[in-house]
$ cat coords-v4.pdb   # PDB, N, CA and C atoms
ATOM      1  N   MET Z   1     -10.201 -34.494 -70.667
ATOM      2  CA  MET Z   1      -9.911 -33.145 -71.093
ATOM      3  C   MET Z   1      -8.591 -33.076 -71.865
ATOM      4  N   LEU Z   2      -7.622 -33.870 -71.423
ATOM      5  CA  LEU Z   2      -6.344 -33.853 -72.128
ATOM      6  C   LEU Z   2      -6.464 -34.489 -73.513
ATOM      7  N   ALA Z   3      -7.382 -35.432 -73.664
ATOM      8  CA  ALA Z   3      -7.587 -36.042 -74.983
ATOM      9  C   ALA Z   3      -8.121 -35.012 -75.972
ATOM     10  N   ILE Z   4      -8.971 -34.114 -75.510
ATOM     11  CA  ILE Z   4      -9.489 -33.055 -76.379
ATOM     12  C   ILE Z   4      -8.362 -32.109 -76.772
ATOM     13  N   ALA Z   5      -7.502 -31.780 -75.815
ATOM     14  CA  ALA Z   5      -6.363 -30.913 -76.121
ATOM     15  C   ALA Z   5      -5.438 -31.577 -77.141
ATOM     16  N   ALA Z   6      -5.239 -32.879 -77.015
ATOM     17  CA  ALA Z   6      -4.406 -33.599 -77.976
ATOM     18  C   ALA Z   6      -5.042 -33.576 -79.356
ATOM     19  N   ALA Z   7      -6.360 -33.756 -79.417
ATOM     20  CA  ALA Z   7      -7.052 -33.726 -80.706
ATOM     21  C   ALA Z   7      -6.924 -32.359 -81.363
ATOM     22  N   VAL Z   8      -7.010 -31.302 -80.578
ATOM     23  CA  VAL Z   8      -6.860 -29.945 -81.120
ATOM     24  C   VAL Z   8      -5.445 -29.740 -81.651
ATOM     25  N   LEU Z   9      -4.451 -30.212 -80.917
ATOM     26  CA  LEU Z   9      -3.067 -30.076 -81.383
ATOM     27  C   LEU Z   9      -2.835 -30.872 -82.663
ATOM     28  N   PHE Z  10      -3.403 -32.079 -82.750
ATOM     29  CA  PHE Z  10      -3.275 -32.856 -83.976
ATOM     30  C   PHE Z  10      -3.946 -32.146 -85.147
ATOM     31  N   PHE Z  11      -5.099 -31.538 -84.901
ATOM     32  CA  PHE Z  11      -5.797 -30.823 -85.967
ATOM     33  C   PHE Z  11      -4.982 -29.622 -86.436
ATOM     34  N   ILE Z  12      -4.397 -28.881 -85.516
ATOM     35  CA  ILE Z  12      -3.559 -27.729 -85.884
ATOM     36  C   ILE Z  12      -2.359 -28.195 -86.701
ATOM     37  N   ALA Z  13      -1.735 -29.297 -86.278
ATOM     38  CA  ALA Z  13      -0.596 -29.824 -87.033
ATOM     39  C   ALA Z  13      -1.019 -30.250 -88.427
ATOM     40  N   PHE Z  14      -2.215 -30.852 -88.538
ATOM     41  CA  PHE Z  14      -2.710 -31.262 -89.854
ATOM     42  C   PHE Z  14      -2.949 -30.057 -90.756
ATOM     43  N   VAL Z  15      -3.560 -29.006 -90.216
ATOM     44  CA  VAL Z  15      -3.851 -27.819 -91.017
ATOM     45  C   VAL Z  15      -2.556 -27.159 -91.486
ATOM     46  N   ILE Z  16      -1.582 -27.072 -90.602
ATOM     47  CA  ILE Z  16      -0.293 -26.472 -90.979
ATOM     48  C   ILE Z  16       0.361 -27.293 -92.084
ATOM     49  N   ASN Z  17       0.297 -28.610 -91.949
ATOM     50  CA  ASN Z  17       0.922 -29.479 -92.946
ATOM     51  C   ASN Z  17       0.149 -29.471 -94.256
ATOM     52  N   ALA Z  18      -1.176 -29.549 -94.194
ATOM     53  CA  ALA Z  18      -1.986 -29.627 -95.406
ATOM     54  C   ALA Z  18      -1.985 -28.315 -96.185
ATOM     55  N   ALA Z  19      -1.972 -27.209 -95.474
ATOM     56  CA  ALA Z  19      -2.001 -25.909 -96.147
ATOM     57  C   ALA Z  19      -0.620 -25.464 -96.606
ATOM     58  N   GLY Z  20       0.400 -26.150 -96.142
ATOM     59  CA  GLY Z  20       1.748 -25.770 -96.538
ATOM     60  C   GLY Z  20       2.185 -24.449 -95.943
ATOM     61  N   ILE Z  21       1.682 -24.136 -94.769
ATOM     62  CA  ILE Z  21       2.018 -22.875 -94.104
ATOM     63  C   ILE Z  21       3.461 -22.930 -93.625
ATOM     64  N   ASP Z  22       4.221 -21.922 -94.001
ATOM     65  CA  ASP Z  22       5.609 -21.845 -93.554
ATOM     66  C   ASP Z  22       5.653 -21.246 -92.157
ATOM     67  N   THR Z  23       6.169 -22.018 -91.229
ATOM     68  CA  THR Z  23       6.325 -21.546 -89.853
ATOM     69  C   THR Z  23       7.798 -21.664 -89.478
ATOM     70  N   ASN Z  24       8.137 -21.093 -88.352
ATOM     71  CA  ASN Z  24       9.523 -21.217 -87.915
ATOM     72  C   ASN Z  24       9.767 -22.632 -87.394
ATOM     73  N   ASP Z  25      10.985 -22.922 -87.020
ATOM     74  CA  ASP Z  25      11.354 -24.279 -86.608
ATOM     75  C   ASP Z  25      10.663 -24.714 -85.327
ATOM     76  N   VAL Z  26      10.303 -23.772 -84.484
ATOM     77  CA  VAL Z  26       9.681 -24.126 -83.203
ATOM     78  C   VAL Z  26       8.233 -24.556 -83.400
ATOM     79  N   LEU Z  27       7.505 -23.889 -84.286
ATOM     80  CA  LEU Z  27       6.087 -24.173 -84.484
ATOM     81  C   LEU Z  27       5.825 -24.988 -85.749
ATOM     82  N   SER Z  28       6.715 -25.890 -86.076
ATOM     83  CA  SER Z  28       6.489 -26.731 -87.250
ATOM     84  C   SER Z  28       5.401 -27.759 -86.945
ATOM     85  N   SER Z  29       4.834 -28.322 -87.986
ATOM     86  CA  SER Z  29       3.743 -29.277 -87.786
ATOM     87  C   SER Z  29       4.220 -30.526 -87.050
ATOM     88  N   VAL Z  30       5.467 -30.908 -87.236
ATOM     89  CA  VAL Z  30       6.000 -32.078 -86.536
ATOM     90  C   VAL Z  30       6.105 -31.803 -85.042
ATOM     91  N   ASN Z  31       6.555 -30.618 -84.666
ATOM     92  CA  ASN Z  31       6.661 -30.290 -83.244
ATOM     93  C   ASN Z  31       5.288 -30.205 -82.587
ATOM     94  N   ILE Z  32       4.294 -29.671 -83.284
ATOM     95  CA  ILE Z  32       2.951 -29.611 -82.719
ATOM     96  C   ILE Z  32       2.376 -31.019 -82.598
ATOM     97  N   MET Z  33       2.673 -31.884 -83.568
ATOM     98  CA  MET Z  33       2.233 -33.273 -83.482
ATOM     99  C   MET Z  33       2.877 -33.971 -82.286
ATOM    100  N   LEU Z  34       4.147 -33.703 -82.044
ATOM    101  CA  LEU Z  34       4.818 -34.301 -80.892
ATOM    102  C   LEU Z  34       4.243 -33.773 -79.575
ATOM    103  N   LEU Z  35       3.849 -32.501 -79.549
ATOM    104  CA  LEU Z  35       3.161 -31.981 -78.357
ATOM    105  C   LEU Z  35       1.828 -32.698 -78.153
ATOM    106  N   GLY Z  36       1.121 -32.954 -79.246
ATOM    107  CA  GLY Z  36      -0.131 -33.696 -79.153
ATOM    108  C   GLY Z  36       0.083 -35.102 -78.630
ATOM    109  N   LEU Z  37       1.135 -35.771 -79.080
ATOM    110  CA  LEU Z  37       1.448 -37.107 -78.579
ATOM    111  C   LEU Z  37       1.814 -37.071 -77.101
ATOM    112  N   THR Z  38       2.511 -36.024 -76.676
ATOM    113  CA  THR Z  38       2.857 -35.882 -75.258
ATOM    114  C   THR Z  38       1.612 -35.709 -74.409
ATOM    115  N   VAL Z  39       0.688 -34.860 -74.868
ATOM    116  CA  VAL Z  39      -0.553 -34.645 -74.125
ATOM    117  C   VAL Z  39      -1.387 -35.923 -74.096
ATOM    118  N   LEU Z  40      -1.398 -36.653 -75.209
ATOM    119  CA  LEU Z  40      -2.135 -37.917 -75.253
ATOM    120  C   LEU Z  40      -1.518 -38.943 -74.304
ATOM    121  N   ALA Z  41      -0.199 -38.984 -74.222
ATOM    122  CA  ALA Z  41       0.465 -39.892 -73.286
ATOM    123  C   ALA Z  41       0.145 -39.519 -71.841
ATOM    124  N   LEU Z  42       0.083 -38.227 -71.547
ATOM    125  CA  LEU Z  42      -0.302 -37.801 -70.199
ATOM    126  C   LEU Z  42      -1.735 -38.218 -69.886
ATOM    127  N   HIS Z  43      -2.608 -38.127 -70.890
ATOM    128  CA  HIS Z  43      -3.996 -38.549 -70.698
ATOM    129  C   HIS Z  43      -4.072 -40.046 -70.399
ATOM    130  N   PHE Z  44      -3.348 -40.846 -71.181
ATOM    131  CA  PHE Z  44      -3.347 -42.288 -70.952
ATOM    132  C   PHE Z  44      -2.691 -42.651 -69.623
ATOM    133  N   GLY Z  45      -1.759 -41.825 -69.174
ATOM    134  CA  GLY Z  45      -1.094 -42.068 -67.897
ATOM    135  C   GLY Z  45      -1.926 -41.679 -66.693
ATOM    136  N   GLY Z  46      -3.056 -41.020 -66.914
ATOM    137  CA  GLY Z  46      -3.931 -40.666 -65.803
ATOM    138  C   GLY Z  46      -3.706 -39.288 -65.241
ATOM    139  N   VAL Z  47      -2.827 -38.524 -65.842
ATOM    140  CA  VAL Z  47      -2.585 -37.163 -65.371
ATOM    141  C   VAL Z  47      -3.792 -36.307 -65.726
ATOM    142  N   GLY Z  48      -4.263 -35.533 -64.779
ATOM    143  CA  GLY Z  48      -5.393 -34.665 -65.024
ATOM    144  C   GLY Z  48      -6.729 -35.280 -64.693
ATOM    145  N   SER Z  49      -6.747 -36.568 -64.371
ATOM    146  CA  SER Z  49      -8.010 -37.190 -63.975
ATOM    147  C   SER Z  49      -8.171 -37.039 -62.469
ATOM    148  N   SER Z  50      -9.382 -36.842 -62.057
ATOM    149  CA  SER Z  50      -9.628 -36.647 -60.631
ATOM    150  C   SER Z  50      -9.563 -37.976 -59.904
ATOM    151  N   ALA Z  51      -9.020 -37.942 -58.713
ATOM    152  CA  ALA Z  51      -8.954 -39.151 -57.898
ATOM    153  C   ALA Z  51     -10.326 -39.404 -57.288
ATOM    154  N   ARG Z  52     -10.809 -40.598 -57.434
ATOM    155  CA  ARG Z  52     -12.120 -40.946 -56.892
ATOM    156  C   ARG Z  52     -11.919 -41.658 -55.569
ATOM    157  N   THR Z  53     -12.643 -41.217 -54.593
ATOM    158  CA  THR Z  53     -12.549 -41.832 -53.277
ATOM    159  C   THR Z  53     -13.909 -42.360 -52.874
ATOM    160  N   GLY Z  54     -13.919 -43.223 -51.899
ATOM    161  CA  GLY Z  54     -15.181 -43.716 -51.372
ATOM    162  C   GLY Z  54     -15.528 -45.108 -51.840
ATOM    163  N   GLY Z  55     -15.000 -45.552 -52.934
ATOM    164  CA  GLY Z  55     -15.227 -46.914 -53.381
ATOM    165  C   GLY Z  55     -16.584 -47.179 -53.985
ATOM    166  N   GLY Z  56     -17.602 -46.469 -53.605
ATOM    167  CA  GLY Z  56     -18.914 -46.631 -54.199
ATOM    168  C   GLY Z  56     -19.765 -47.715 -53.579
ATOM    169  N   ALA Z  57     -19.335 -48.344 -52.495
ATOM    170  CA  ALA Z  57     -20.145 -49.380 -51.866
ATOM    171  C   ALA Z  57     -21.386 -48.745 -51.245
ATOM    172  N   GLY Z  58     -22.528 -49.264 -51.618
ATOM    173  CA  GLY Z  58     -23.775 -48.731 -51.075
ATOM    174  C   GLY Z  58     -24.287 -47.519 -51.815
ATOM    175  N   ARG Z  59     -23.592 -47.095 -52.810
ATOM    176  CA  ARG Z  59     -24.018 -45.934 -53.594
ATOM    177  C   ARG Z  59     -24.560 -46.409 -54.920
ATOM    178  N   ARG Z  60     -25.575 -45.732 -55.401
ATOM    179  CA  ARG Z  60     -26.101 -46.056 -56.718
ATOM    180  C   ARG Z  60     -25.304 -45.264 -57.751
ATOM    181  N   SER Z  61     -25.021 -45.910 -58.855
ATOM    182  CA  SER Z  61     -24.271 -45.227 -59.900
ATOM    183  C   SER Z  61     -25.088 -45.210 -61.184
ATOM    184  N   GLY Z  62     -24.767 -44.308 -62.051
ATOM    185  CA  GLY Z  62     -25.423 -44.232 -63.337
ATOM    186  C   GLY Z  62     -26.799 -43.594 -63.276
ATOM    187  N   TRP Z  63     -27.709 -44.135 -64.049
ATOM    188  CA  TRP Z  63     -29.026 -43.531 -64.219
ATOM    189  C   TRP Z  63     -30.107 -44.301 -63.471
ATOM    190  N   SER Z  64     -29.734 -45.098 -62.522
ATOM    191  CA  SER Z  64     -30.755 -45.882 -61.807
ATOM    192  C   SER Z  64     -31.636 -44.968 -60.957
ATOM    193  N   ARG Z  65     -32.870 -45.392 -60.802
ATOM    194  CA  ARG Z  65     -33.812 -44.602 -60.015
ATOM    195  C   ARG Z  65     -34.038 -45.255 -58.655
ATOM    196  N   ARG Z  66     -34.264 -44.429 -57.688
ATOM    197  CA  ARG Z  66     -34.612 -44.942 -56.362
ATOM    198  C   ARG Z  66     -36.090 -45.232 -56.290
ATOM    199  N   ARG Z  67     -36.449 -46.300 -55.625
ATOM    200  CA  ARG Z  67     -37.873 -46.642 -55.497
ATOM    201  C   ARG Z  67     -38.347 -46.435 -54.101
TER     202      ARG Z  67
END
$ encode --input "coords-v4.pdb" --output "structure tokens"
Amino acid sequence: MLAIAAAVLFFIAFVINAAGIDTNDVLSSVNIMLLGLTVLALHFGGVGSSARTGGGAGRRSGWSRRR
């Protein structure tokens, strides 16, 4: 989910930069890009991912069918 948020922030930064939209210093395309990099780093760090418990021993995973 955080990767999608990072992609949206990168897209917003690209649109601001490509269109030449004048924004204030806080909402510049570079600052939005840095926010996107921060969110991407949080995603790679595992923040926001659910902790999985149980180990999966004896459980079927994926699309396998029971017979």
$ residues_around --input "coords-v4.pdb" --residues "Met1 of chain Z" --least-positions-apart "2" --cutoff "8 Å" --atoms "only N, CA and C atoms" --output "ChimeraX atom specification"
/Z:3-7,43,48-49
$ atom_distance --input "coords-v4.pdb" --atom1 "atom CA of Ala41 of chain Z" --atom2 "atom C of Leu2 of chain Z"
8.8 Å
$ atom_distance --input "coords-v4.pdb" --atom1 "atom CA of Ile16 of chain Z" --atom2 "atom CA of Leu35 of chain Z"
14.2 Å
$ atom_distance --input "coords-v4.pdb" --atom1 "atom CA of Thr38 of chain Z" --atom2 "atom N of Leu9 of chain Z"
10.8 Å
$ closest_residue --input "coords-v4.pdb" --among "Z:Gly36, Z:Thr23, Z:Asn31, Z:Val47" --to "Phe10 of chain Z" --atoms "only C-alpha atoms"
Z:Gly36
$ closest_residue --input "coords-v4.pdb" --among "Z:Val26, Z:Leu40, Z:Met33, Z:Gly45" --to "Phe14 of chain Z" --atoms "all atoms listed in the file"
Z:Met33
